[in-house]
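Trainee: Pasting start05.cif below, which is mmCIF, C-alpha atoms.
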data_upload
#
loop_
_atom_site.group_PDB
_atom_site.id
_atom_site.type_symbol
_atom_site.label_atom_id
_atom_site.label_comp_id
_atom_site.auth_asym_id
_atom_site.auth_seq_id
_atom_site.Cartn_x
_atom_site.Cartn_y
_atom_site.Cartn_z
ATOM 1 C CA MET M 1 -38.626 69.261 -7.370
ATOM 2 C CA ALA M 2 -38.340 66.352 -4.919
ATOM 3 C CA ALA M 3 -35.784 64.687 -7.167
ATOM 4 C CA ILE M 4 -33.751 67.885 -7.380
ATOM 5 C CA GLY M 5 -33.868 68.309 -3.617
ATOM 6 C CA ALA M 6 -32.686 64.747 -3.141
ATOM 7 C CA MET M 7 -29.547 65.243 -5.244
ATOM 8 C CA PRO M 8 -27.479 66.891 -2.455
ATOM 9 C CA GLU M 9 -28.541 64.082 -0.117
ATOM 10 C CA ILE M 10 -27.354 61.487 -2.645
ATOM 11 C CA GLY M 11 -24.064 63.337 -3.081
ATOM 12 C CA GLY M 12 -23.640 63.545 0.684
ATOM 13 C CA PHE M 13 -24.347 59.835 1.054
ATOM 14 C CA ARG M 14 -21.773 58.966 -1.597
ATOM 15 C CA GLN M 15 -19.206 61.223 0.086
ATOM 16 C CA LYS M 16 -19.875 59.595 3.466
ATOM 17 C CA SER M 17 -19.714 56.091 1.971
ATOM 18 C CA ARG M 18 -16.418 56.892 0.253
ATOM 19 C CA ARG M 19 -15.005 58.300 3.493
ATOM 20 C CA SER M 20 -16.096 55.222 5.456
ATOM 21 C CA PHE M 21 -14.651 52.869 2.845
ATOM 22 C CA VAL M 22 -11.191 54.458 2.682
ATOM 23 C CA THR M 23 -11.095 54.667 6.494
ATOM 24 C CA LEU M 24 -11.887 50.951 6.758
ATOM 25 C CA ILE M 25 -9.202 50.089 4.202
ATOM 26 C CA LEU M 26 -6.664 52.250 6.049
ATOM 27 C CA THR M 27 -7.472 50.503 9.338
ATOM 28 C CA VAL M 28 -6.979 47.035 7.872
ATOM 29 C CA LEU M 29 -3.758 47.961 6.071
ATOM 30 C CA THR M 30 -2.291 49.712 9.117
ATOM 31 C CA SER M 31 -3.084 46.789 11.412
ATOM 32 C CA SER M 32 -0.990 44.457 9.253
ATOM 33 C CA GLN M 33 1.818 46.932 8.642
ATOM 34 C CA SER M 34 3.900 46.365 11.770
ATOM 35 C CA ILE M 35 3.388 42.600 11.549
ATOM 36 C CA LEU M 36 4.819 42.515 8.024
ATOM 37 C CA ILE M 37 7.798 44.639 9.115
ATOM 38 C CA VAL M 38 8.560 42.204 11.961
ATOM 39 C CA TRP M 39 8.130 39.232 9.624
ATOM 40 C CA SER M 40 10.485 40.766 7.062
ATOM 41 C CA LYS M 41 13.386 40.493 9.526
ATOM 42 C CA ARG M 42 15.586 37.407 9.643
ATOM 43 C CA ALA M 43 17.388 36.529 12.862
ATOM 44 C CA GLY M 44 16.298 39.901 14.197
ATOM 45 C CA LYS M 45 17.897 41.872 11.341
ATOM 46 C CA TYR M 46 16.882 43.338 8.010
ATOM 47 C CA GLU M 47 18.754 41.524 5.258
ATOM 48 C CA TYR M 48 17.425 43.953 2.674
ATOM 49 C CA SER M 49 18.153 47.655 2.375
ATOM 50 C CA VAL M 50 15.522 49.704 4.187
ATOM 51 C CA THR M 51 16.190 52.720 1.956
ATOM 52 C CA THR M 52 15.582 50.727 -1.236
ATOM 53 C CA ALA M 53 12.348 49.385 0.230
ATOM 54 C CA ASN M 54 11.173 52.926 0.986
ATOM 55 C CA PHE M 55 12.140 54.041 -2.522
ATOM 56 C CA LEU M 56 10.060 51.228 -4.026
ATOM 57 C CA VAL M 57 7.113 52.189 -1.828
ATOM 58 C CA GLU M 58 7.217 55.739 -3.207
ATOM 59 C CA ALA M 59 7.708 54.489 -6.764
ATOM 60 C CA LEU M 60 4.748 52.105 -6.470
ATOM 61 C CA LYS M 61 2.517 54.834 -5.046
ATOM 62 C CA CYS M 62 3.547 57.128 -7.872
ATOM 63 C CA ALA M 63 2.826 54.419 -10.460
ATOM 64 C CA LEU M 64 -0.584 53.605 -8.951
ATOM 65 C CA SER M 65 -1.518 57.291 -8.959
ATOM 66 C CA LEU M 66 -0.490 57.567 -12.606
ATOM 67 C CA VAL M 67 -2.516 54.466 -13.527
ATOM 68 C CA ALA M 68 -5.550 55.958 -11.800
ATOM 69 C CA LEU M 69 -5.038 59.195 -13.731
ATOM 70 C CA LEU M 70 -4.761 57.372 -17.048
ATOM 71 C CA ARG M 71 -8.087 55.698 -16.318
ATOM 72 C CA ILE M 72 -9.677 59.058 -15.473
ATOM 73 C CA TRP M 73 -8.275 60.696 -18.600
ATOM 74 C CA ARG M 74 -9.624 57.858 -20.716
ATOM 75 C CA MET M 75 -13.106 58.127 -19.183
ATOM 76 C CA ASP M 76 -13.513 61.868 -18.552
ATOM 77 C CA GLY M 77 -10.780 63.492 -20.605
ATOM 78 C CA VAL M 78 -8.086 65.895 -19.413
ATOM 79 C CA THR M 79 -9.288 68.894 -17.417
ATOM 80 C CA ASP M 80 -7.651 71.695 -15.428
ATOM 81 C CA ASP M 81 -8.228 69.725 -12.231
ATOM 82 C CA ASN M 82 -6.765 66.407 -13.367
ATOM 83 C CA ARG M 83 -3.905 67.440 -15.640
ATOM 84 C CA LEU M 84 -0.362 66.746 -14.437
ATOM 85 C CA SER M 85 1.069 70.000 -15.744
ATOM 86 C CA THR M 86 1.164 72.546 -12.976
ATOM 87 C CA THR M 87 2.952 75.620 -11.663
ATOM 88 C CA TRP M 88 5.941 75.895 -9.338
ATOM 89 C CA ASP M 89 3.741 77.651 -6.743
ATOM 90 C CA GLU M 90 1.611 74.506 -6.488
ATOM 91 C CA VAL M 91 4.477 71.998 -6.521
ATOM 92 C CA LYS M 92 6.936 73.757 -4.206
ATOM 93 C CA VAL M 93 4.983 72.770 -1.076
ATOM 94 C CA TYR M 94 5.364 69.008 -1.636
ATOM 95 C CA PRO M 95 9.067 68.570 -0.727
ATOM 96 C CA ILE M 96 8.372 69.449 2.924
ATOM 97 C CA PRO M 97 6.009 66.538 3.765
ATOM 98 C CA ALA M 98 8.019 64.233 1.488
ATOM 99 C CA ALA M 99 11.169 64.897 3.536
ATOM 100 C CA LEU M 100 9.305 64.469 6.837
ATOM 101 C CA TYR M 101 7.768 61.187 5.712
ATOM 102 C CA LEU M 102 11.215 59.968 4.645
ATOM 103 C CA VAL M 103 12.661 60.394 8.146
ATOM 104 C CA LYS M 104 9.529 58.994 9.792
ATOM 105 C CA ASN M 105 9.483 55.928 7.551
ATOM 106 C CA LEU M 106 13.169 55.201 8.199
ATOM 107 C CA LEU M 107 12.609 55.434 11.952
ATOM 108 C CA GLN M 108 9.652 53.084 11.546
ATOM 109 C CA TYR M 109 12.073 50.288 10.640
ATOM 110 C CA TYR M 110 14.760 51.018 13.212
ATOM 111 C CA ILE M 111 12.374 51.300 16.155
ATOM 112 C CA PHE M 112 11.701 47.556 15.923
ATOM 113 C CA ALA M 113 15.185 46.981 17.283
ATOM 114 C CA TYR M 114 13.783 48.152 20.636
ATOM 115 C CA VAL M 115 10.072 47.258 20.671
ATOM 116 C CA ASP M 116 7.813 44.448 19.442
ATOM 117 C CA ALA M 117 4.782 44.823 17.138
ATOM 118 C CA PRO M 118 2.136 45.523 19.832
ATOM 119 C CA GLY M 119 4.518 47.874 21.657
ATOM 120 C CA TYR M 120 5.167 49.742 18.427
ATOM 121 C CA GLN M 121 1.464 50.312 17.918
ATOM 122 C CA ILE M 122 1.009 51.894 21.337
ATOM 123 C CA LEU M 123 4.102 54.089 20.982
ATOM 124 C CA LYS M 124 2.896 55.061 17.532
ATOM 125 C CA ASN M 125 -0.237 56.482 19.097
ATOM 126 C CA LEU M 126 1.762 59.237 20.748
ATOM 127 C CA ASN M 127 0.886 61.184 17.616
ATOM 128 C CA ILE M 128 -2.716 61.419 18.858
ATOM 129 C CA ILE M 129 -2.004 64.475 21.000
ATOM 130 C CA SER M 130 0.562 65.944 18.596
ATOM 131 C CA THR M 131 -1.938 65.682 15.738
ATOM 132 C CA GLY M 132 -4.664 67.357 17.793
ATOM 133 C CA ILE M 133 -2.419 70.284 18.728
ATOM 134 C CA LEU M 134 -0.974 70.736 15.239
ATOM 135 C CA TYR M 135 -4.464 70.355 13.753
ATOM 136 C CA GLN M 136 -5.489 73.491 15.644
ATOM 137 C CA ILE M 137 -2.283 75.433 14.996
ATOM 138 C CA ILE M 138 -1.845 74.747 11.258
ATOM 139 C CA LEU M 139 -5.414 74.260 10.035
ATOM 140 C CA LYS M 140 -6.922 76.762 12.515
ATOM 141 C CA ARG M 141 -9.652 74.308 13.477
ATOM 142 C CA LYS M 142 -10.751 74.160 17.082
ATOM 143 C CA LEU M 143 -11.633 70.859 18.682
ATOM 144 C CA THR M 144 -14.557 70.823 21.072
ATOM 145 C CA GLU M 145 -14.142 69.960 24.739
ATOM 146 C CA ILE M 146 -15.817 66.623 24.060
ATOM 147 C CA GLN M 147 -13.349 65.843 21.281
ATOM 148 C CA TRP M 148 -10.380 66.668 23.504
ATOM 149 C CA ALA M 149 -11.875 64.444 26.188
ATOM 150 C CA ALA M 150 -12.215 61.715 23.568
ATOM 151 C CA PHE M 151 -8.554 62.223 22.599
ATOM 152 C CA ILE M 152 -7.435 61.816 26.207
ATOM 153 C CA LEU M 153 -9.589 58.708 26.569
ATOM 154 C CA LEU M 154 -8.121 57.381 23.332
ATOM 155 C CA CYS M 155 -4.575 57.775 24.666
ATOM 156 C CA ALA M 156 -5.567 56.217 27.990
ATOM 157 C CA GLY M 157 -7.352 53.359 26.266
ATOM 158 C CA CYS M 158 -4.449 52.596 23.954
ATOM 159 C CA THR M 159 -2.008 52.673 26.862
ATOM 160 C CA THR M 160 -4.215 50.489 29.049
ATOM 161 C CA ALA M 161 -4.681 47.971 26.251
ATOM 162 C CA GLN M 162 -0.911 47.465 26.112
ATOM 163 C CA LEU M 163 -0.225 47.192 29.833
ATOM 164 C CA ASN M 164 1.905 44.197 30.739
ATOM 165 C CA PRO M 165 0.263 42.521 33.781
ATOM 166 C CA SER M 166 3.540 40.827 34.740
ATOM 167 C CA SER M 167 5.523 44.064 34.862
ATOM 168 C CA ASP M 168 5.383 47.389 36.690
ATOM 169 C CA HIS M 169 6.310 49.175 33.478
ATOM 170 C CA VAL M 170 3.650 50.531 31.119
ATOM 171 C CA LEU M 171 5.806 49.515 28.186
ATOM 172 C CA GLN M 172 8.860 47.325 28.070
ATOM 173 C CA ALA M 173 10.729 49.710 25.836
ATOM 174 C CA PRO M 174 14.156 51.282 26.451
ATOM 175 C CA LEU M 175 14.837 55.013 26.312
ATOM 176 C CA GLN M 176 15.912 54.783 22.662
ATOM 177 C CA GLY M 177 12.514 53.349 21.731
ATOM 178 C CA TRP M 178 10.666 56.159 23.503
ATOM 179 C CA VAL M 179 12.815 58.870 21.926
ATOM 180 C CA MET M 180 12.336 57.443 18.438
ATOM 181 C CA ALA M 181 8.603 57.093 19.066
ATOM 182 C CA ILE M 182 8.282 60.726 20.190
ATOM 183 C CA VAL M 183 10.215 61.970 17.163
ATOM 184 C CA MET M 184 8.068 59.789 14.892
ATOM 185 C CA ALA M 185 4.899 61.147 16.511
ATOM 186 C CA LEU M 186 5.944 64.763 15.949
ATOM 187 C CA LEU M 187 7.047 64.110 12.367
ATOM 188 C CA SER M 188 3.930 62.103 11.573
ATOM 189 C CA GLY M 189 1.624 64.678 13.141
ATOM 190 C CA PHE M 190 3.192 67.650 11.384
ATOM 191 C CA ALA M 191 3.544 65.883 8.026
ATOM 192 C CA GLY M 192 -0.040 64.633 8.192
ATOM 193 C CA VAL M 193 -1.615 67.973 9.079
ATOM 194 C CA TYR M 194 0.580 69.842 6.591
ATOM 195 C CA THR M 195 -0.324 67.378 3.830
ATOM 196 C CA GLU M 196 -4.014 67.770 4.609
ATOM 197 C CA ALA M 197 -3.623 71.548 4.314
ATOM 198 C CA ILE M 198 -1.982 71.110 0.899
ATOM 199 C CA ILE M 199 -4.584 68.650 -0.373
ATOM 200 C CA LYS M 200 -7.553 70.722 0.778
ATOM 201 C CA LYS M 201 -6.123 74.043 -0.395
ATOM 202 C CA ARG M 202 -7.563 73.247 -3.820
ATOM 203 C CA PRO M 203 -10.536 70.905 -3.173
ATOM 204 C CA SER M 204 -11.381 70.424 -6.846
ATOM 205 C CA ARG M 205 -7.850 69.238 -7.683
ATOM 206 C CA ASN M 206 -7.795 65.498 -8.411
ATOM 207 C CA ILE M 207 -6.264 63.588 -5.489
ATOM 208 C CA ASN M 208 -4.206 61.410 -7.845
ATOM 209 C CA VAL M 209 -2.441 64.485 -9.259
ATOM 210 C CA GLN M 210 -1.655 65.713 -5.771
ATOM 211 C CA ASN M 211 -0.419 62.257 -4.784
ATOM 212 C CA PHE M 212 1.708 61.978 -7.909
ATOM 213 C CA TRP M 213 3.705 65.121 -7.146
ATOM 214 C CA LEU M 214 4.046 64.244 -3.462
ATOM 215 C CA TYR M 215 5.405 60.800 -4.334
ATOM 216 C CA VAL M 216 7.750 62.153 -7.008
ATOM 217 C CA PHE M 217 9.508 64.187 -4.347
ATOM 218 C CA GLY M 218 9.341 61.161 -2.071
ATOM 219 C CA MET M 219 11.244 59.157 -4.692
ATOM 220 C CA ILE M 220 13.843 61.922 -5.010
ATOM 221 C CA PHE M 221 14.486 62.086 -1.253
ATOM 222 C CA ASN M 222 14.596 58.296 -0.913
ATOM 223 C CA ALA M 223 17.031 58.055 -3.838
ATOM 224 C CA PHE M 224 19.226 60.535 -1.974
ATOM 225 C CA ALA M 225 18.946 58.348 1.144
ATOM 226 C CA ILE M 226 20.099 55.308 -0.842
ATOM 227 C CA MET M 227 23.121 57.194 -2.160
ATOM 228 C CA THR M 228 24.148 58.479 1.266
ATOM 229 C CA GLN M 229 23.416 55.405 3.398
ATOM 230 C CA ASP M 230 23.449 52.232 1.307
ATOM 231 C CA PHE M 231 25.211 53.122 -1.933
ATOM 232 C CA ASP M 232 28.123 50.687 -1.489
ATOM 233 C CA ALA M 233 25.861 47.853 -0.331
ATOM 234 C CA VAL M 234 23.476 48.345 -3.235
ATOM 235 C CA MET M 235 26.322 48.497 -5.771
ATOM 236 C CA ASN M 236 28.037 45.387 -4.354
ATOM 237 C CA ASP M 237 25.062 43.183 -3.462
ATOM 238 C CA GLY M 238 22.374 44.498 -5.788
ATOM 239 C CA PHE M 239 19.265 46.627 -5.339
ATOM 240 C CA PHE M 240 17.029 43.698 -4.361
ATOM 241 C CA HIS M 241 19.500 41.864 -2.138
ATOM 242 C CA GLY M 242 17.785 40.159 0.800
ATOM 243 C CA TYR M 243 14.266 40.644 -0.571
ATOM 244 C CA SER M 244 11.650 37.965 0.064
ATOM 245 C CA LEU M 245 7.936 37.494 -0.560
ATOM 246 C CA ILE M 246 7.223 39.102 2.823
ATOM 247 C CA THR M 247 9.336 42.105 1.833
ATOM 248 C CA VAL M 248 7.315 42.502 -1.366
ATOM 249 C CA LEU M 249 4.035 42.233 0.565
ATOM 250 C CA MET M 250 5.325 44.793 3.061
ATOM 251 C CA ILE M 251 6.168 47.245 0.246
ATOM 252 C CA LEU M 252 2.727 46.715 -1.310
ATOM 253 C CA ASN M 253 1.087 47.253 2.085
ATOM 254 C CA HIS M 254 3.002 50.484 2.701
ATOM 255 C CA ALA M 255 2.153 51.782 -0.771
ATOM 256 C CA LEU M 256 -1.572 51.082 -0.438
ATOM 257 C CA SER M 257 -1.547 52.479 3.115
ATOM 258 C CA GLY M 258 0.034 55.713 1.895
ATOM 259 C CA ILE M 259 -2.601 56.147 -0.787
ATOM 260 C CA ALA M 260 -5.353 55.327 1.717
ATOM 261 C CA VAL M 261 -3.980 57.980 4.101
ATOM 262 C CA SER M 262 -4.122 60.652 1.397
ATOM 263 C CA MET M 263 -7.685 59.603 0.548
ATOM 264 C CA VAL M 264 -8.710 59.927 4.194
ATOM 265 C CA MET M 265 -7.137 63.405 4.321
ATOM 266 C CA LYS M 266 -8.963 64.379 1.128
ATOM 267 C CA TYR M 267 -12.408 63.115 2.087
ATOM 268 C CA ALA M 268 -12.152 63.236 5.901
ATOM 269 C CA ASP M 269 -9.305 64.626 8.033
ATOM 270 C CA ASN M 270 -6.325 63.757 10.209
ATOM 271 C CA ILE M 271 -8.537 63.221 13.240
ATOM 272 C CA VAL M 272 -10.297 60.349 11.472
ATOM 273 C CA LYS M 273 -6.873 58.982 10.520
ATOM 274 C CA VAL M 274 -5.814 59.022 14.178
ATOM 275 C CA TYR M 275 -8.852 57.006 15.231
ATOM 276 C CA SER M 276 -8.310 54.605 12.337
ATOM 277 C CA THR M 277 -4.724 53.878 13.388
ATOM 278 C CA SER M 278 -5.851 53.448 17.002
ATOM 279 C CA VAL M 279 -8.342 50.771 16.013
ATOM 280 C CA ALA M 280 -5.557 49.219 13.921
ATOM 281 C CA MET M 281 -3.490 48.954 17.097
ATOM 282 C CA LEU M 282 -6.183 46.792 18.677
ATOM 283 C CA LEU M 283 -6.426 44.629 15.563
ATOM 284 C CA THR M 284 -2.639 44.188 15.556
ATOM 285 C CA ALA M 285 -2.732 42.965 19.140
ATOM 286 C CA VAL M 286 -5.486 40.445 18.348
ATOM 287 C CA VAL M 287 -3.657 39.106 15.282
ATOM 288 C CA SER M 288 -0.407 38.930 17.304
ATOM 289 C CA VAL M 289 -2.093 36.382 19.569
ATOM 290 C CA PHE M 290 -2.079 33.872 16.726
ATOM 291 C CA LEU M 291 1.172 34.888 15.050
ATOM 292 C CA PHE M 292 3.526 35.728 17.920
ATOM 293 C CA GLY M 293 1.894 34.152 20.964
ATOM 294 C CA PHE M 294 0.879 37.552 22.335
ATOM 295 C CA HIS M 295 -1.444 37.176 25.345
ATOM 296 C CA LEU M 296 -4.509 39.396 25.687
ATOM 297 C CA SER M 297 -4.995 40.516 29.275
ATOM 298 C CA LEU M 298 -7.897 42.045 31.146
ATOM 299 C CA ALA M 299 -6.170 45.393 30.620
ATOM 300 C CA PHE M 300 -6.453 44.912 26.859
ATOM 301 C CA PHE M 301 -10.215 44.419 27.020
ATOM 302 C CA LEU M 302 -10.627 47.386 29.380
ATOM 303 C CA GLY M 303 -8.469 49.538 27.102
ATOM 304 C CA SER M 304 -10.441 48.423 24.056
ATOM 305 C CA THR M 305 -13.647 49.476 25.805
ATOM 306 C CA VAL M 306 -12.197 52.919 26.574
ATOM 307 C CA VAL M 307 -11.084 53.299 22.937
ATOM 308 C CA SER M 308 -14.606 52.384 21.797
ATOM 309 C CA VAL M 309 -16.081 55.044 24.097
ATOM 310 C CA ALA M 310 -13.590 57.599 22.723
ATOM 311 C CA ILE M 311 -14.597 56.783 19.152
ATOM 312 C CA TYR M 312 -18.267 57.124 20.068
ATOM 313 C CA LEU M 313 -17.697 60.500 21.737
ATOM 314 C CA HIS M 314 -15.806 61.764 18.704
ATOM 315 C CA SER M 315 -18.504 60.564 16.306
ATOM 316 C CA THR M 316 -21.150 62.500 18.238
ATOM 317 C CA SER M 317 -19.206 65.744 18.245
ATOM 318 C CA LYS M 318 -18.019 67.781 15.266
ATOM 319 C CA ALA M 319 -14.991 70.057 15.117
ATOM 320 C CA ARG M 320 -15.925 73.719 15.125
ATOM 321 C CA ARG M 321 -14.163 76.056 12.765
#
Will you turn the file into structure tokens for me?

Mentor:
Amino acid sequence: MAAIGAMPEIGGFRQKSRRSFVTLILTVLTSSQSILIVWSKRAGKYEYSVTTANFLVEALKCALSLVALLRIWRMDGVTDDNRLSTTWDEVKVYPIPAALYLVKNLLQYYIFAYVDAPGYQILKNLNIISTGILYQIILKRKLTEIQWAAFILLCAGCTTAQLNPSSDHVLQAPLQGWVMAIVMALLSGFAGVYTEAIIKKRPSRNINVQNFWLYVFGMIFNAFAIMTQDFDAVMNDGFFHGYSLITVLMILNHALSGIAVSMVMKYADNIVKVYSTSVAMLLTAVVSVFLFGFHLSLAFFLGSTVVSVAIYLHSTSKARR
């Protein structure tokens, strides 16, 4: 009887360990994401086509999901929950987040014309509040007062960590950078919460099947973007024109990050993703010290402390349905 009673505890431990692992991986991948994007530029410009890079990210994610499925089919066989064949009612919801992610990902490249890597990370965290609001509206899940307080502290901590002590401005970013950041935050928040709703609508459905269909539509939309934006350039210079080793690493990073995000949504939620990306912001700033000569100020350490307190508050409080 004791062994039977322990089985749910073992299952719960495995679920928690899996959630912690994918969250850690997402944090590490996200922290290096903006650095690789900055590195991929030459003389301040992208020599490669951004739309082709995004298409390859979606194609790689789709391929990795299919490889994972092949492994599952070989080990466990094909079941109703892991088969690729599906109905239109299940698939028709995927084009919406795929289109939103397309616009958000394109803006992610162009925003670096106005901000640096650490500045991007702080602007990116504008989606903290948008995610919290949309989380309640779309998923109908209330956040406790403590969690909202933690969210506000998280925003304050991230902002404080990026304060420039030699300037009166919170961020040295022009209006265009702020506008793009706000649009990205809204798109990212809505796409993230909507994707979580799709993934958790059928909990038993294998995550790799859900990812596969999401990325298929992502490939379709990105192919359309190539045809409308860079068709002549791709036809004249070639699909891989301007690519370098850093570009390849950036594509691999984005692909693995995308899969990690879906895993976090499957086994945790968007709130955990928000905290993960916030910690990634701090890691990006630390790494930027060695790569770009970024100087850590007292404000950074104070902001990091506030972020740590916010994470602690969130971990001690659970969302109420």

Trainee: Looking at M:Tyr312, M:Trp39, M:Phe239, M:Phe300, which one is nearest to Asp116 in chain M, with distances taken over all atoms listed in the file?

Mentor: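 Counting all atoms listed in the file, the residue closest to Asp116 in chain M is M:Trp39.
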
Trainee: Just so the selection is clear, what residues does the PyMOL selection byres ((chain M and resi 213) around 10) cover here, as a PDB file with C-alpha atoms, in the coordinates of the input?

Mentor:
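Now in out.pdb:
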ATOM      1  CA  CYS M  62       3.547  57.128  -7.872  1.00  0.00           C
ATOM      2  CA  SER M  65      -1.518  57.291  -8.959  1.00  0.00           C
ATOM      3  CA  LEU M  84      -0.362  66.746 -14.437  1.00  0.00           C
ATOM      4  CA  THR M  86       1.164  72.546 -12.976  1.00  0.00           C
ATOM      5  CA  GLU M  90       1.611  74.506  -6.488  1.00  0.00           C
ATOM      6  CA  VAL M  91       4.477  71.998  -6.521  1.00  0.00           C
ATOM      7  CA  LYS M  92       6.936  73.757  -4.206  1.00  0.00           C
ATOM      8  CA  VAL M  93       4.983  72.770  -1.076  1.00  0.00           C
ATOM      9  CA  TYR M  94       5.364  69.008  -1.636  1.00  0.00           C
ATOM     10  CA  PRO M  95       9.067  68.570  -0.727  1.00  0.00           C
ATOM     11  CA  ALA M  98       8.019  64.233   1.488  1.00  0.00           C
ATOM     12  CA  ASN M 208      -4.206  61.410  -7.845  1.00  0.00           C
ATOM     13  CA  VAL M 209      -2.441  64.485  -9.259  1.00  0.00           C
ATOM     14  CA  GLN M 210      -1.655  65.713  -5.771  1.00  0.00           C
ATOM     15  CA  ASN M 211      -0.419  62.257  -4.784  1.00  0.00           C
ATOM     16  CA  PHE M 212       1.708  61.978  -7.909  1.00  0.00           C
ATOM     17  CA  LEU M 214       4.046  64.244  -3.462  1.00  0.00           C
ATOM     18  CA  TYR M 215       5.405  60.800  -4.334  1.00  0.00           C
ATOM     19  CA  VAL M 216       7.750  62.153  -7.008  1.00  0.00           C
ATOM     20  CA  PHE M 217       9.508  64.187  -4.347  1.00  0.00           C
ATOM     21  CA  GLY M 218       9.341  61.161  -2.071  1.00  0.00           C
ATOM     22  CA  MET M 219      11.244  59.157  -4.692  1.00  0.00           C
TER      23      MET M 219
END

Trainee: Which value, in Å to one decimal, gives the distance between CA of Phe55 in chain M and CA of Ile96 in chain M?

Mentor: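 Going from CA of Phe55 in chain M over to CA of Ile96 in chain M, I get 16.8 Å.
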
Trainee: Produce a table with one row for each residue of range 261-291 of chain M that has an atom at most 12 Å from any atom of range 189-200 of chain M, each row naming the nearest atom pair and its distance in Å at one decimal; use only C-alpha atoms; arrange rows by chain and rising residue number; format as a Markdown table.

Mentor:
| residue | atom | partner | partner_atom | distance |
| --- | --- | --- | --- | --- |
| M:Val261 | CA | M:Gly192 | CA | 8.7 |
| M:Ser262 | CA | M:Glu196 | CA | 7.8 |
| M:Met263 | CA | M:Ile199 | CA | 9.6 |
| M:Val264 | CA | M:Glu196 | CA | 9.2 |
| M:Met265 | CA | M:Glu196 | CA | 5.4 |
| M:Lys266 | CA | M:Ile199 | CA | 6.3 |
| M:Tyr267 | CA | M:Lys200 | CA | 9.1 |
| M:Ala268 | CA | M:Glu196 | CA | 9.4 |
| M:Asp269 | CA | M:Glu196 | CA | 7.0 |
| M:Asn270 | CA | M:Val193 | CA | 6.4 |
| M:Ile271 | CA | M:Val193 | CA | 9.4 |
| M:Val272 | CA | M:Gly192 | CA | 11.6 |
| M:Lys273 | CA | M:Gly192 | CA | 9.2 |
| M:Val274 | CA | M:Gly189 | CA | 9.4 |

Trainee: Fewer than 3 positions away in the same chain doesn't count, so skip those; otherwise give me all residues within 10 Å of Leu126 in chain M, counting all atoms listed in the file, as a count of residues only.

Mentor: 18

Trainee: Can you list what the PyMOL selection byres ((chain M and resi 306) around 12) grabs from this structure, as JSON, numbers by chain?

Mentor: {"M": [149, 150, 151, 152, 153, 154, 155, 156, 157, 158, 159, 160, 161, 278, 279, 282, 299, 300, 301, 302, 303, 304, 305, 307, 308, 309, 310, 311, 312, 313]}

Trainee: Just the selected residues (C-alpha atoms), exported as a PDB file, in the frame of the given file, please.

Mentor:
ATOM      1  CA  ALA M 149     -11.875  64.444  26.188  1.00  0.00           C
ATOM      2  CA  ALA M 150     -12.215  61.715  23.568  1.00  0.00           C
ATOM      3  CA  PHE M 151      -8.554  62.223  22.599  1.00  0.00           C
ATOM      4  CA  ILE M 152      -7.435  61.816  26.207  1.00  0.00           C
ATOM      5  CA  LEU M 153      -9.589  58.708  26.569  1.00  0.00           C
ATOM      6  CA  LEU M 154      -8.121  57.381  23.332  1.00  0.00           C
ATOM      7  CA  CYS M 155      -4.575  57.775  24.666  1.00  0.00           C
ATOM      8  CA  ALA M 156      -5.567  56.217  27.990  1.00  0.00           C
ATOM      9  CA  GLY M 157      -7.352  53.359  26.266  1.00  0.00           C
ATOM     10  CA  CYS M 158      -4.449  52.596  23.954  1.00  0.00           C
ATOM     11  CA  THR M 159      -2.008  52.673  26.862  1.00  0.00           C
ATOM     12  CA  THR M 160      -4.215  50.489  29.049  1.00  0.00           C
ATOM     13  CA  ALA M 161      -4.681  47.971  26.251  1.00  0.00           C
ATOM     14  CA  SER M 278      -5.851  53.448  17.002  1.00  0.00           C
ATOM     15  CA  VAL M 279      -8.342  50.771  16.013  1.00  0.00           C
ATOM     16  CA  LEU M 282      -6.183  46.792  18.677  1.00  0.00           C
ATOM     17  CA  ALA M 299      -6.170  45.393  30.620  1.00  0.00           C
ATOM     18  CA  PHE M 300      -6.453  44.912  26.859  1.00  0.00           C
ATOM     19  CA  PHE M 301     -10.215  44.419  27.020  1.00  0.00           C
ATOM     20  CA  LEU M 302     -10.627  47.386  29.380  1.00  0.00           C
ATOM     21  CA  GLY M 303      -8.469  49.538  27.102  1.00  0.00           C
ATOM     22  CA  SER M 304     -10.441  48.423  24.056  1.00  0.00           C
ATOM     23  CA  THR M 305     -13.647  49.476  25.805  1.00  0.00           C
ATOM     24  CA  VAL M 307     -11.084  53.299  22.937  1.00  0.00           C
ATOM     25  CA  SER M 308     -14.606  52.384  21.797  1.00  0.00           C
ATOM     26  CA  VAL M 309     -16.081  55.044  24.097  1.00  0.00           C
ATOM     27  CA  ALA M 310     -13.590  57.599  22.723  1.00  0.00           C
ATOM     28  CA  ILE M 311     -14.597  56.783  19.152  1.00  0.00           C
ATOM     29  CA  TYR M 312     -18.267  57.124  20.068  1.00  0.00           C
ATOM     30  CA  LEU M 313     -17.697  60.500  21.737  1.00  0.00           C
TER      31      LEU M 313
END

Trainee: Please write as a short mmCIF file (atom, residue, chain, number, x, y, z; two decimals) with C-alpha atoms, in the frame of the given file the full residue list that the PyMOL selection byres ((chain M and resi 30) around 9) yields on this file.

Mentor:
data_model
loop_
_atom_site.label_atom_id
_atom_site.label_comp_id
_atom_site.auth_asym_id
_atom_site.auth_seq_id
_atom_site.Cartn_x
_atom_site.Cartn_y
_atom_site.Cartn_z
CA ILE M 25 -9.20 50.09 4.20
CA LEU M 26 -6.66 52.25 6.05
CA THR M 27 -7.47 50.50 9.34
CA VAL M 28 -6.98 47.04 7.87
CA LEU M 29 -3.76 47.96 6.07
CA SER M 31 -3.08 46.79 11.41
CA SER M 32 -0.99 44.46 9.25
CA GLN M 33 1.82 46.93 8.64
CA SER M 34 3.90 46.36 11.77
CA ASN M 253 1.09 47.25 2.08
CA HIS M 254 3.00 50.48 2.70
CA SER M 257 -1.55 52.48 3.12
CA SER M 276 -8.31 54.60 12.34
CA THR M 277 -4.72 53.88 13.39
CA ALA M 280 -5.56 49.22 13.92
CA MET M 281 -3.49 48.95 17.10
CA THR M 284 -2.64 44.19 15.56
#
